[in-house]
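Asks: Dropping a structure here in structure tokens format, bear with me for questions.
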Amino acid sequence: MTYTSVKEILTAIKSKDISASELTMEYLSKIKKSQSDLNCFITLTEDTAIETAKRVDNDISKNILKPLSGLPIAQKDIFCTKDIKTSCGSKMLDNFISPYDATVIEKLNNAGTVMLGKTNMDEFAMGSSNETSFYGPVKNPWNHDYVPGGSSGGSASAVAARITPCSTGTDTGGSIRQPASLCGICGLKPTYGRVSRFGMIAFASSLDQAGLFTTDALDAAILLKEISGHDKKDSTSSEISVPDYYNYCINEDKKKFTIGIPEEFVKELNDDVKNTFYDAVKVLEKIGCEIKKISLKYTGLGVSAYQVVAPAECSSNLSRFDGVRFGHRSQNSSNLEELYRESRSEGFGKEVKRRILVGTYALSAGYYDAYYIKAQKVRNLIAQDFKNAFKEVDLILGPTTPDIAFKIGEKMNDPIAMYLSDVYTVSTNLAGLPAMSIPMGFKSKMPLGLQIIGNHFDEENILKISYLFQRETEWHTQEPGI
Amino acid sequence: MWETVIGLEIHVQLATESKLFSSSSTNFGSEQNTQASIIDLAMPGVLPVLNRNAVDMAIKFGLSVNAKISNKSIFARKNYFYPDLPKGYQISQYELPIVHDGKLEIALDGINKTVGITRAHLEEDAGKSIHDLYDGKSAIDLNRAGTPLIEIVSEPDMRSAKEAVVYLKKIHSIVKCLGISDGNMEEGSFRCDANISLRKPDDEYGIRAEIKNINSFKFVENAINYEVGRQQEILESGESVKQETRLYDPKKNETRPMRSKEEANDYRYFPDPDLLPIEITQKQIKDIQLSLPELPDAKKNRFISDYLLKPDDAEILSSSKSLASYFENCTEHVSAEYQLLANFILSEVIGLCNKKNVEISEAPVDNKEIANLHNYIIDGKISIKQAKDILNDAWESGSKVDEIISNKNIEQISNPNLLTDVAKKILEKHQKEVQDYKNGKDRLLGFFVGQIMKETKGKANPKILNQVLNKLLKGE
């Protein structure tokens, strides 16, 4: 069995080259074999996967075919899954069995996918290395001494290791694109509001967005159509209609793209990364793109604004984890205040606590204007920056991360250095824009990602340029030897 | 020499069918936690979705107090930990409330004044903590969690407990008249916080204390009066009042400070990123304006001009939607003497309602019967005293007024000829008394009336009888 893409799998299932059950068993066995090395999964949903696959096979035998019938998928453990543990990478929710499905899960289930399991992640999606998970770090399949990135590290590592053809992730400041870059795969963060947030455990509500990991840009196009669209359970989800991304990509109508490269994204790059990036730019020039130098002058303020807005929202979003109704409850309390204090002290890890404290501080009386309001102003400036840029260019290009993956443990005691690995990704979250990371080469045998940022709801052109790039290159077909 | 300064914050539960941000029912009195959905329980990952009916109700209220309606208004999170607050924050409004800058005219002892309404904002109610159900443990009922409220904040414009109660009652009658709240104070649908301070006239405002969660008109009056006395004592001893939150204990009729921990909160308000701003168009406001029912003040004025009622009676009748419609339904079958009708309803019908503890809308004697009774009175066929008896009888037995009158044969004798015949007979029998009367013993008139009443078994119409006797005795 050597299917290299979602597209191939769907074709194989449709033509009955392979059954959903066979495919599911294959992937389940790969996952089990890799788990002790990579630690990609928190929960393996073997029984429900086998059951679902059987149901799909039964449907197929009656010629009932759904858009994603039989496609195995791994779900980030931030999405609530009915009757299945949903931990969000935290001890706090180690005992939490969700009573309902997130909209993304519901849509993927209805489209015929087979969920293999729930993937490992940084605790409550707070981290850039997957080291803050209560369930231990995930390894980068290219080199097990290295982090896969985060927070969606399990989902990214699993797709890179080919133990699942695709997976879901969430991206608040780069949590899809950064691990996609460090693991050498495609990671798509759609426009804020494109995909429903209902049932996705909130970290920073105004920044969080669900997205996808695949090896191939076209696969992302196929999947995006299925998870997008307005959800009446999420007031911030958009009513803009969902296009057929796949057909838009493969349509041979040539679109002449104007691509902007912000000087702020490249000026501090080391030579290796810079050379790899400009090699990728040459490919785009070759296929007819016009390259323009632009400036996004507030890029440098992105991380600072992000580190106020995200913790502020998180401090409030995580208040519901109080030991009263669900989740971890301390056994060491004798009154209400102790119940709160002990349950939260025991249930949350260090990084989560740090962000709750920072956020609480930023929202406090006397500091609100200096931090939260100022950060919102910076946010508006960044959004305005992008708006102006998109008057001149169709897409914006840069490296996804300043460098390749770092070693496990390397940045754990230096949160500022860790936060700076998000420098190229956070500003798109602040502006609510869609962006995607695709593989663009290697440095020291570790992959590097190319980030393509589009205008609001212009996932179509991000996907199309990625597809065109992948037609000319083979970076995305490279597999780590595990 | 001390001037009392009072501002009220009134919490009004809105009569929507479902909650402010979830589709759970808002029924009162259901089994605990049966009206708490995953959203009310604040399960991980859930999101609020605004109930637009609550928005319309808030707009209705705003228009009824001549307030401005914000074309863009935002929800904010008020962060604090409490077990009956599942999310760890309450969704409320902070900057840009939906309603602001309104005013309300109130009248006390014939003097009118205007109370400013600073703002009215939408927010969700918390659940309930029950501390006396299990030994050593607290129980939580989240049925109420997420029920929509409007919080109506007044300017510190009231100067006495009585004024505060008049204002509170007026807001109560408005929200009931609009149909946006059941106004049930016992069930907590309508409750109030009072901010009280004292000052020397023309001084700056003094330091205030806030009394939380008072849930009856009487308690509001008592609590304010107690608090005024307490603060006066403090100020006169040269000390200063502490700014704090207090609770009123109706059993002891006193206020006590809440534990400082309960009030030492920095709520860290910030705009709720899960909800879009509420956008309200001029058209929406206009449509709602057109749908508004007649408000108590307008109704009062109409009652005065159309039915020539005394202002005080018009005020009472118009303050309650059900009472006003009871009265107006009666007037449809009546053509004169509306003040008499109002008197009868306000004293007799309301009296019986209170005695039997029923709402006027559920009174067993309906408005047609009262109108009928009224017509018997003004036609001189029965006395008011008889009408009261008939009302009591109809209330108890469920019989029609017509039946009671004909069965008991209690219709008044109002025919002057008939009464003249009886009177002549009685006067002839008592010639000595007639002589005495004519010699100046005026008191004997009552004696003749009594004798005639005895003869007619009390059915003589007193007014006509008087006329008849005067004519016979004085030749008038």
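In the structure tokens, chains take letters A, B, ... by order of appearance, with residues numbered from 1 within each chain and ligands from 1 in the order shown.
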Might you pull out every residue within 10 Å of Ser316 of chain A, with only C-alpha atoms counted and same-chain residues fewer than 4 positions away left off, and present them as an MDAnalysis selection string?

Replies: (chainID A and resid 202:204 311:312 320 356 359:360 363) or (chainID B and resid 77:80 87:89 268:270 272)

Asks: Give me the residues near Gly154 of chain A as JSON, numbers by chain, where near means some atom within 8 Å (using only C-alpha atoms) and where sequence neighbours in that chain fewer than 4 positions away do not count.

Replies: {"A": [39, 40, 41, 76, 119, 120, 121, 130, 138, 148, 158]}

Asks: I need the residues from that last selection saved to file as a compact mmCIF listing (two decimals), in the first residue's frame (with C-alpha atoms), if you can.

Replies:
# COMPACT_ATOMS: atom_id res chain seq x y z
CA ASN A 39 4.47 9.97 20.88
CA CYS A 40 2.13 11.59 18.34
CA PHE A 41 -1.10 10.38 19.94
CA LYS A 76 -5.89 17.29 17.38
CA THR A 119 -3.09 13.82 18.63
CA ASN A 120 -0.65 15.16 21.15
CA MET A 121 -0.27 18.89 21.56
CA ASN A 130 5.01 20.33 22.00
CA VAL A 138 6.33 14.66 20.52
CA PRO A 148 8.20 18.90 15.86
CA ALA A 158 2.07 12.10 12.36

Asks: Kindly determine which residues of chain A lie within 10 Å of chain B, considering only C-alpha atoms, and give the answer as a ChimeraX atom specification.

Replies: /A:78-80,86,88,93,96,98-102,197-207,232-237,312-313,315-327,335-337,340,359-365,367-368,372-373

Asks: Using C-alpha atoms, can you write the selected residues to a file as a PDB file, in the first residue's frame?

Replies:
ATOM      1  CA  ILE A  78      -8.204  20.227  21.257  1.00  0.00           C
ATOM      2  CA  PHE A  79     -11.380  19.296  19.353  1.00  0.00           C
ATOM      3  CA  CYS A  80     -14.192  17.887  21.477  1.00  0.00           C
ATOM      4  CA  THR A  86     -10.584  15.240  25.011  1.00  0.00           C
ATOM      5  CA  CYS A  88      -6.242  19.380  25.303  1.00  0.00           C
ATOM      6  CA  LEU A  93      -8.751  17.412  31.294  1.00  0.00           C
ATOM      7  CA  PHE A  96     -12.661  14.622  30.512  1.00  0.00           C
ATOM      8  CA  SER A  98     -16.639  15.207  25.921  1.00  0.00           C
ATOM      9  CA  PRO A  99     -20.445  14.943  25.740  1.00  0.00           C
ATOM     10  CA  TYR A 100     -20.501  16.444  22.248  1.00  0.00           C
ATOM     11  CA  ASP A 101     -18.651  16.749  18.936  1.00  0.00           C
ATOM     12  CA  ALA A 102     -16.970  19.925  17.763  1.00  0.00           C
ATOM     13  CA  ARG A 197     -14.597  27.304  16.432  1.00  0.00           C
ATOM     14  CA  PHE A 198     -17.496  25.532  18.161  1.00  0.00           C
ATOM     15  CA  GLY A 199     -16.151  22.615  20.152  1.00  0.00           C
ATOM     16  CA  MET A 200     -12.555  23.678  19.762  1.00  0.00           C
ATOM     17  CA  ILE A 201     -11.249  24.317  23.255  1.00  0.00           C
ATOM     18  CA  ALA A 202     -10.542  28.030  23.359  1.00  0.00           C
ATOM     19  CA  PHE A 203      -7.085  29.414  23.967  1.00  0.00           C
ATOM     20  CA  ALA A 204      -7.403  32.947  22.556  1.00  0.00           C
ATOM     21  CA  SER A 205     -10.822  33.307  20.973  1.00  0.00           C
ATOM     22  CA  SER A 206     -10.042  36.223  18.668  1.00  0.00           C
ATOM     23  CA  LEU A 207      -6.996  34.441  17.212  1.00  0.00           C
ATOM     24  CA  LYS A 232     -24.904  29.048  13.683  1.00  0.00           C
ATOM     25  CA  LYS A 233     -23.267  27.866  16.889  1.00  0.00           C
ATOM     26  CA  ASP A 234     -20.296  30.188  16.287  1.00  0.00           C
ATOM     27  CA  SER A 235     -21.257  33.867  15.892  1.00  0.00           C
ATOM     28  CA  THR A 236     -17.780  34.688  14.618  1.00  0.00           C
ATOM     29  CA  SER A 237     -17.954  32.196  11.748  1.00  0.00           C
ATOM     30  CA  ALA A 312      -5.444  38.093  28.256  1.00  0.00           C
ATOM     31  CA  GLU A 313      -8.067  36.042  26.458  1.00  0.00           C
ATOM     32  CA  SER A 315      -6.769  33.999  31.376  1.00  0.00           C
ATOM     33  CA  SER A 316     -10.519  34.402  30.979  1.00  0.00           C
ATOM     34  CA  ASN A 317     -11.133  31.361  28.742  1.00  0.00           C
ATOM     35  CA  LEU A 318      -9.417  29.039  31.195  1.00  0.00           C
ATOM     36  CA  SER A 319     -11.418  30.277  34.205  1.00  0.00           C
ATOM     37  CA  ARG A 320     -14.001  27.560  33.610  1.00  0.00           C
ATOM     38  CA  PHE A 321     -11.440  24.947  34.630  1.00  0.00           C
ATOM     39  CA  ASP A 322     -12.168  25.348  38.312  1.00  0.00           C
ATOM     40  CA  GLY A 323     -12.584  21.784  39.554  1.00  0.00           C
ATOM     41  CA  VAL A 324     -16.318  22.315  40.091  1.00  0.00           C
ATOM     42  CA  ARG A 325     -18.121  20.696  37.153  1.00  0.00           C
ATOM     43  CA  PHE A 326     -15.558  18.694  35.144  1.00  0.00           C
ATOM     44  CA  GLY A 327     -11.848  18.149  34.843  1.00  0.00           C
ATOM     45  CA  ASN A 335     -13.017  24.989  51.313  1.00  0.00           C
ATOM     46  CA  LEU A 336     -14.003  26.729  48.109  1.00  0.00           C
ATOM     47  CA  GLU A 337     -10.931  28.884  47.735  1.00  0.00           C
ATOM     48  CA  TYR A 340     -10.005  26.508  43.141  1.00  0.00           C
ATOM     49  CA  GLY A 359      -3.081  37.778  30.988  1.00  0.00           C
ATOM     50  CA  THR A 360      -4.623  38.479  34.373  1.00  0.00           C
ATOM     51  CA  TYR A 361      -2.048  41.182  34.923  1.00  0.00           C
ATOM     52  CA  ALA A 362      -2.641  42.738  31.509  1.00  0.00           C
ATOM     53  CA  LEU A 363      -6.387  43.022  32.161  1.00  0.00           C
ATOM     54  CA  SER A 364      -6.091  44.347  35.710  1.00  0.00           C
ATOM     55  CA  ALA A 365      -7.385  47.730  36.721  1.00  0.00           C
ATOM     56  CA  TYR A 367      -2.803  48.185  33.555  1.00  0.00           C
ATOM     57  CA  TYR A 368      -5.587  47.539  31.049  1.00  0.00           C
ATOM     58  CA  TYR A 372      -4.578  45.395  26.453  1.00  0.00           C
ATOM     59  CA  ILE A 373      -5.709  48.608  24.777  1.00  0.00           C
TER      60      ILE A 373
END

Asks: What lies within 10 Å of Tyr94 of chain B using only C-alpha atoms, ignoring chain neighbours under 2 positions off, as a list of chain:residue names?

Replies: B:Ser73, B:Ile74, B:Phe75, B:Ala76, B:Arg77, B:Lys78, B:Ile91, B:Ser92, B:Leu96, B:Pro97, B:Ile98, B:His121, B:Leu122, B:Glu123, B:Tyr269, B:Phe270, B:Pro271

Asks: Write the selection just made, keeping N, CA and C atoms, as a compact mmCIF listing (two decimals), in the first residue's frame?

Replies:
# COMPACT_ATOMS: atom_id res chain seq x y z
N SER B 73 -23.40 48.17 20.02
CA SER B 73 -23.19 47.95 21.44
C SER B 73 -22.43 46.63 21.60
N ILE B 74 -21.60 46.54 22.63
CA ILE B 74 -20.75 45.34 22.73
C ILE B 74 -20.90 44.63 24.08
N PHE B 75 -20.66 43.32 24.03
CA PHE B 75 -20.66 42.53 25.25
C PHE B 75 -19.25 42.46 25.82
N ALA B 76 -19.18 42.44 27.14
CA ALA B 76 -17.88 42.34 27.79
C ALA B 76 -17.92 41.21 28.81
N ARG B 77 -16.76 40.69 29.12
CA ARG B 77 -16.69 39.66 30.14
C ARG B 77 -16.36 40.29 31.48
N LYS B 78 -17.12 39.91 32.48
CA LYS B 78 -16.86 40.34 33.85
C LYS B 78 -16.31 39.11 34.57
N ILE B 91 -21.13 37.22 31.09
CA ILE B 91 -21.19 38.05 29.89
C ILE B 91 -22.15 39.19 30.18
N SER B 92 -21.62 40.40 30.14
CA SER B 92 -22.38 41.59 30.49
C SER B 92 -22.03 42.68 29.48
N LEU B 96 -20.19 50.94 25.95
CA LEU B 96 -21.25 50.85 24.94
C LEU B 96 -22.41 49.94 25.34
N PRO B 97 -23.17 50.29 26.40
CA PRO B 97 -24.38 49.52 26.72
C PRO B 97 -25.45 49.76 25.67
N ILE B 98 -26.42 48.88 25.60
CA ILE B 98 -27.43 48.98 24.54
C ILE B 98 -28.34 50.20 24.72
N HIS B 121 -28.21 47.84 30.52
CA HIS B 121 -27.44 46.93 29.67
C HIS B 121 -27.92 45.49 29.81
N LEU B 122 -27.62 44.70 28.80
CA LEU B 122 -27.98 43.29 28.78
C LEU B 122 -26.90 42.49 29.48
N GLU B 123 -27.31 41.48 30.23
CA GLU B 123 -26.33 40.56 30.81
C GLU B 123 -27.02 39.26 31.15
N TYR B 269 -12.82 43.57 33.18
CA TYR B 269 -13.70 43.64 32.01
C TYR B 269 -12.89 43.74 30.73
N PHE B 270 -13.29 43.01 29.72
CA PHE B 270 -12.76 43.24 28.37
C PHE B 270 -13.79 42.72 27.37
N PRO B 271 -13.77 43.26 26.14
CA PRO B 271 -14.79 42.87 25.15
C PRO B 271 -14.77 41.37 24.90

Asks: Quick one, how far is atom CA of Asp297 of chain B from atom CA of Lys170 of chain B?

Replies: 9.4 Å

Asks: Excluding segment 242-257 of chain B and any residue of its chain fewer than 3 positions from it, enumerate the residues within 8 Å of it, using only C-alpha atoms, and give them as a list in words.

Replies: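 The residues that qualify are Ile207, Arg208, Ala209, Glu210, Ile211, Lys212, Asn213, Ile214, Phe219, Asn222, Ala223, Tyr226, Glu227, Ser260 and Glu263 of chain B.
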
Asks: Using only C-alpha atoms, determine which residues lie at most 6 Å from segment 210-213 of chain A, disregarding the query and same-chain residues fewer than 6 positions distant; provide the list as a tab-separated table (two decimals) with C-alpha atoms, in the first residue's frame.

Replies:
chain	number	residue	atom	x	y	z
A	166	CYS	CA	-3.96	14.02	7.09
A	167	SER	CA	-4.81	15.63	10.38
A	168	THR	CA	-6.47	18.64	11.93
A	169	GLY	CA	-4.73	21.36	13.87
A	170	THR	CA	-5.42	24.76	15.35
A	186	CYS	CA	1.69	21.45	4.36
A	187	GLY	CA	-0.11	23.28	7.11
A	188	LEU	CA	-3.04	25.55	6.35
A	189	LYS	CA	-4.51	28.14	8.69

Asks: Please report, as a compact mmCIF listing (two decimals) with C-alpha atoms, in the first residue's frame, each residue of segment 33-84 of chain B to which DSSP assigns strand (DSSP E or B) when run on this structure's backbone.

Replies:
# COMPACT_ATOMS: atom_id res chain seq x y z
CA LYS B 68 -30.87 56.58 23.45
CA ILE B 69 -30.40 53.22 21.78
CA LYS B 72 -23.50 49.55 18.05
CA SER B 73 -23.19 47.95 21.44
CA ALA B 76 -17.88 42.34 27.79
CA ARG B 77 -16.69 39.66 30.14
CA LYS B 78 -16.86 40.34 33.85
CA ASN B 79 -14.34 37.94 35.35

Asks: What does the distance from atom CA of Glu351 of chain A to atom CA of Gly136 of chain A come to in Å, to one decimal?

Replies: 13.9 Å

Asks: Calculate how many Å separate atom CA of Thr11 of chain A from atom CA of Pro165 of chain A, rounding to one decimal.

Replies: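 That distance, rounded to one decimal, is 13.7 Å.
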
Asks: List the neighbours of segment 446-459 of chain B out to 12 Å using only C-alpha atoms; skip same-chain residues closer than 5 positions along the sequence, and give me the result as a PyMOL selection string.

Replies: chain B and resi 380-383+385-386+405+408-415+418-431+433-434+436-437+441+464-470+472-473

Asks: Rank A:Trp475, A:Gly127, A:Thr164, A:Glu290 by their smallest atom-to-atom distance to Gly150 of chain A, using only C-alpha atoms, and report the top residue only.

Replies: A:Gly127

Asks: Tell me which protein, DNA and RNA residues are within 10 Å of segment 284-286 of chain B, counting only C-alpha atoms, leaving out same-chain ones fewer than 2 positions away, and put them as a PyMOL selection string.

Replies: chain B and resi 56+59-60+63+69+71+279-282+288-291

Asks: Hey, can you spit out that residue selection with N, CA and C atoms as a PDB file, in the first residue's frame?

Replies:
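Saved file again-v3.pdb follows:
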ATOM      1  N   ASP B  56     -34.350  42.952  21.436  1.00  0.00           N
ATOM      2  CA  ASP B  56     -35.580  43.707  21.151  1.00  0.00           C
ATOM      3  C   ASP B  56     -36.238  44.184  22.448  1.00  0.00           C
ATOM      4  N   ILE B  59     -34.416  47.115  23.818  1.00  0.00           N
ATOM      5  CA  ILE B  59     -34.741  48.310  23.029  1.00  0.00           C
ATOM      6  C   ILE B  59     -36.113  48.853  23.446  1.00  0.00           C
ATOM      7  N   LYS B  60     -37.088  47.939  23.615  1.00  0.00           N
ATOM      8  CA  LYS B  60     -38.420  48.360  24.065  1.00  0.00           C
ATOM      9  C   LYS B  60     -38.318  49.163  25.355  1.00  0.00           C
ATOM     10  N   LEU B  63     -36.781  52.645  24.743  1.00  0.00           N
ATOM     11  CA  LEU B  63     -37.698  53.599  24.110  1.00  0.00           C
ATOM     12  C   LEU B  63     -38.751  54.082  25.102  1.00  0.00           C
ATOM     13  N   ILE B  69     -30.723  54.617  22.072  1.00  0.00           N
ATOM     14  CA  ILE B  69     -30.404  53.220  21.776  1.00  0.00           C
ATOM     15  C   ILE B  69     -29.102  53.239  20.975  1.00  0.00           C
ATOM     16  N   ASN B  71     -26.461  52.363  18.340  1.00  0.00           N
ATOM     17  CA  ASN B  71     -26.526  51.596  17.087  1.00  0.00           C
ATOM     18  C   ASN B  71     -25.474  50.496  17.042  1.00  0.00           C
ATOM     19  N   GLU B 279     -25.463  45.183  16.333  1.00  0.00           N
ATOM     20  CA  GLU B 279     -25.730  46.328  15.465  1.00  0.00           C
ATOM     21  C   GLU B 279     -27.236  46.531  15.398  1.00  0.00           C
ATOM     22  N   ILE B 280     -27.675  47.746  15.630  1.00  0.00           N
ATOM     23  CA  ILE B 280     -29.109  48.036  15.632  1.00  0.00           C
ATOM     24  C   ILE B 280     -29.387  49.138  14.619  1.00  0.00           C
ATOM     25  N   THR B 281     -30.286  48.854  13.685  1.00  0.00           N
ATOM     26  CA  THR B 281     -30.571  49.844  12.637  1.00  0.00           C
ATOM     27  C   THR B 281     -31.704  50.771  13.080  1.00  0.00           C
ATOM     28  N   GLN B 282     -31.785  51.935  12.428  1.00  0.00           N
ATOM     29  CA  GLN B 282     -32.865  52.881  12.719  1.00  0.00           C
ATOM     30  C   GLN B 282     -34.219  52.247  12.407  1.00  0.00           C
ATOM     31  N   ILE B 288     -39.849  48.753  16.364  1.00  0.00           N
ATOM     32  CA  ILE B 288     -40.145  48.443  17.757  1.00  0.00           C
ATOM     33  C   ILE B 288     -40.969  49.565  18.379  1.00  0.00           C
ATOM     34  N   GLN B 289     -40.607  50.809  18.043  1.00  0.00           N
ATOM     35  CA  GLN B 289     -41.355  51.964  18.547  1.00  0.00           C
ATOM     36  C   GLN B 289     -42.841  51.829  18.203  1.00  0.00           C
ATOM     37  N   LEU B 290     -43.105  51.416  16.961  1.00  0.00           N
ATOM     38  CA  LEU B 290     -44.491  51.295  16.521  1.00  0.00           C
ATOM     39  C   LEU B 290     -45.235  50.166  17.235  1.00  0.00           C
ATOM     40  N   SER B 291     -44.480  49.169  17.708  1.00  0.00           N
ATOM     41  CA  SER B 291     -45.125  48.017  18.334  1.00  0.00           C
ATOM     42  C   SER B 291     -45.339  48.211  19.836  1.00  0.00           C
TER      43      SER B 291
END

Asks: When distances are computed from only C-alpha atoms, which of B:Arg230, B:Arg199, B:His172, B:Lys310 shows the smallest separation from Phe217 of chain B?

Replies: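 The closest residue to Phe217 of chain B is B:His172.
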
Asks: Kindly indicate which residue among B:Leu235, B:Ile111, B:Ile117, B:Ala164 lies nearest to Cys192 of chain B, using only C-alpha atoms for the distances.

Replies: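 So, comparing all the options, the nearest one is B:Ala164.
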
Asks: Please extract the residues of segment 4-99 of chain A with a backbone DSSP assignment of helix (DSSP H, G or I) and present them as a PyMOL selection string.

Replies: chain A and resi 6-14+20-38+46-61+91-93
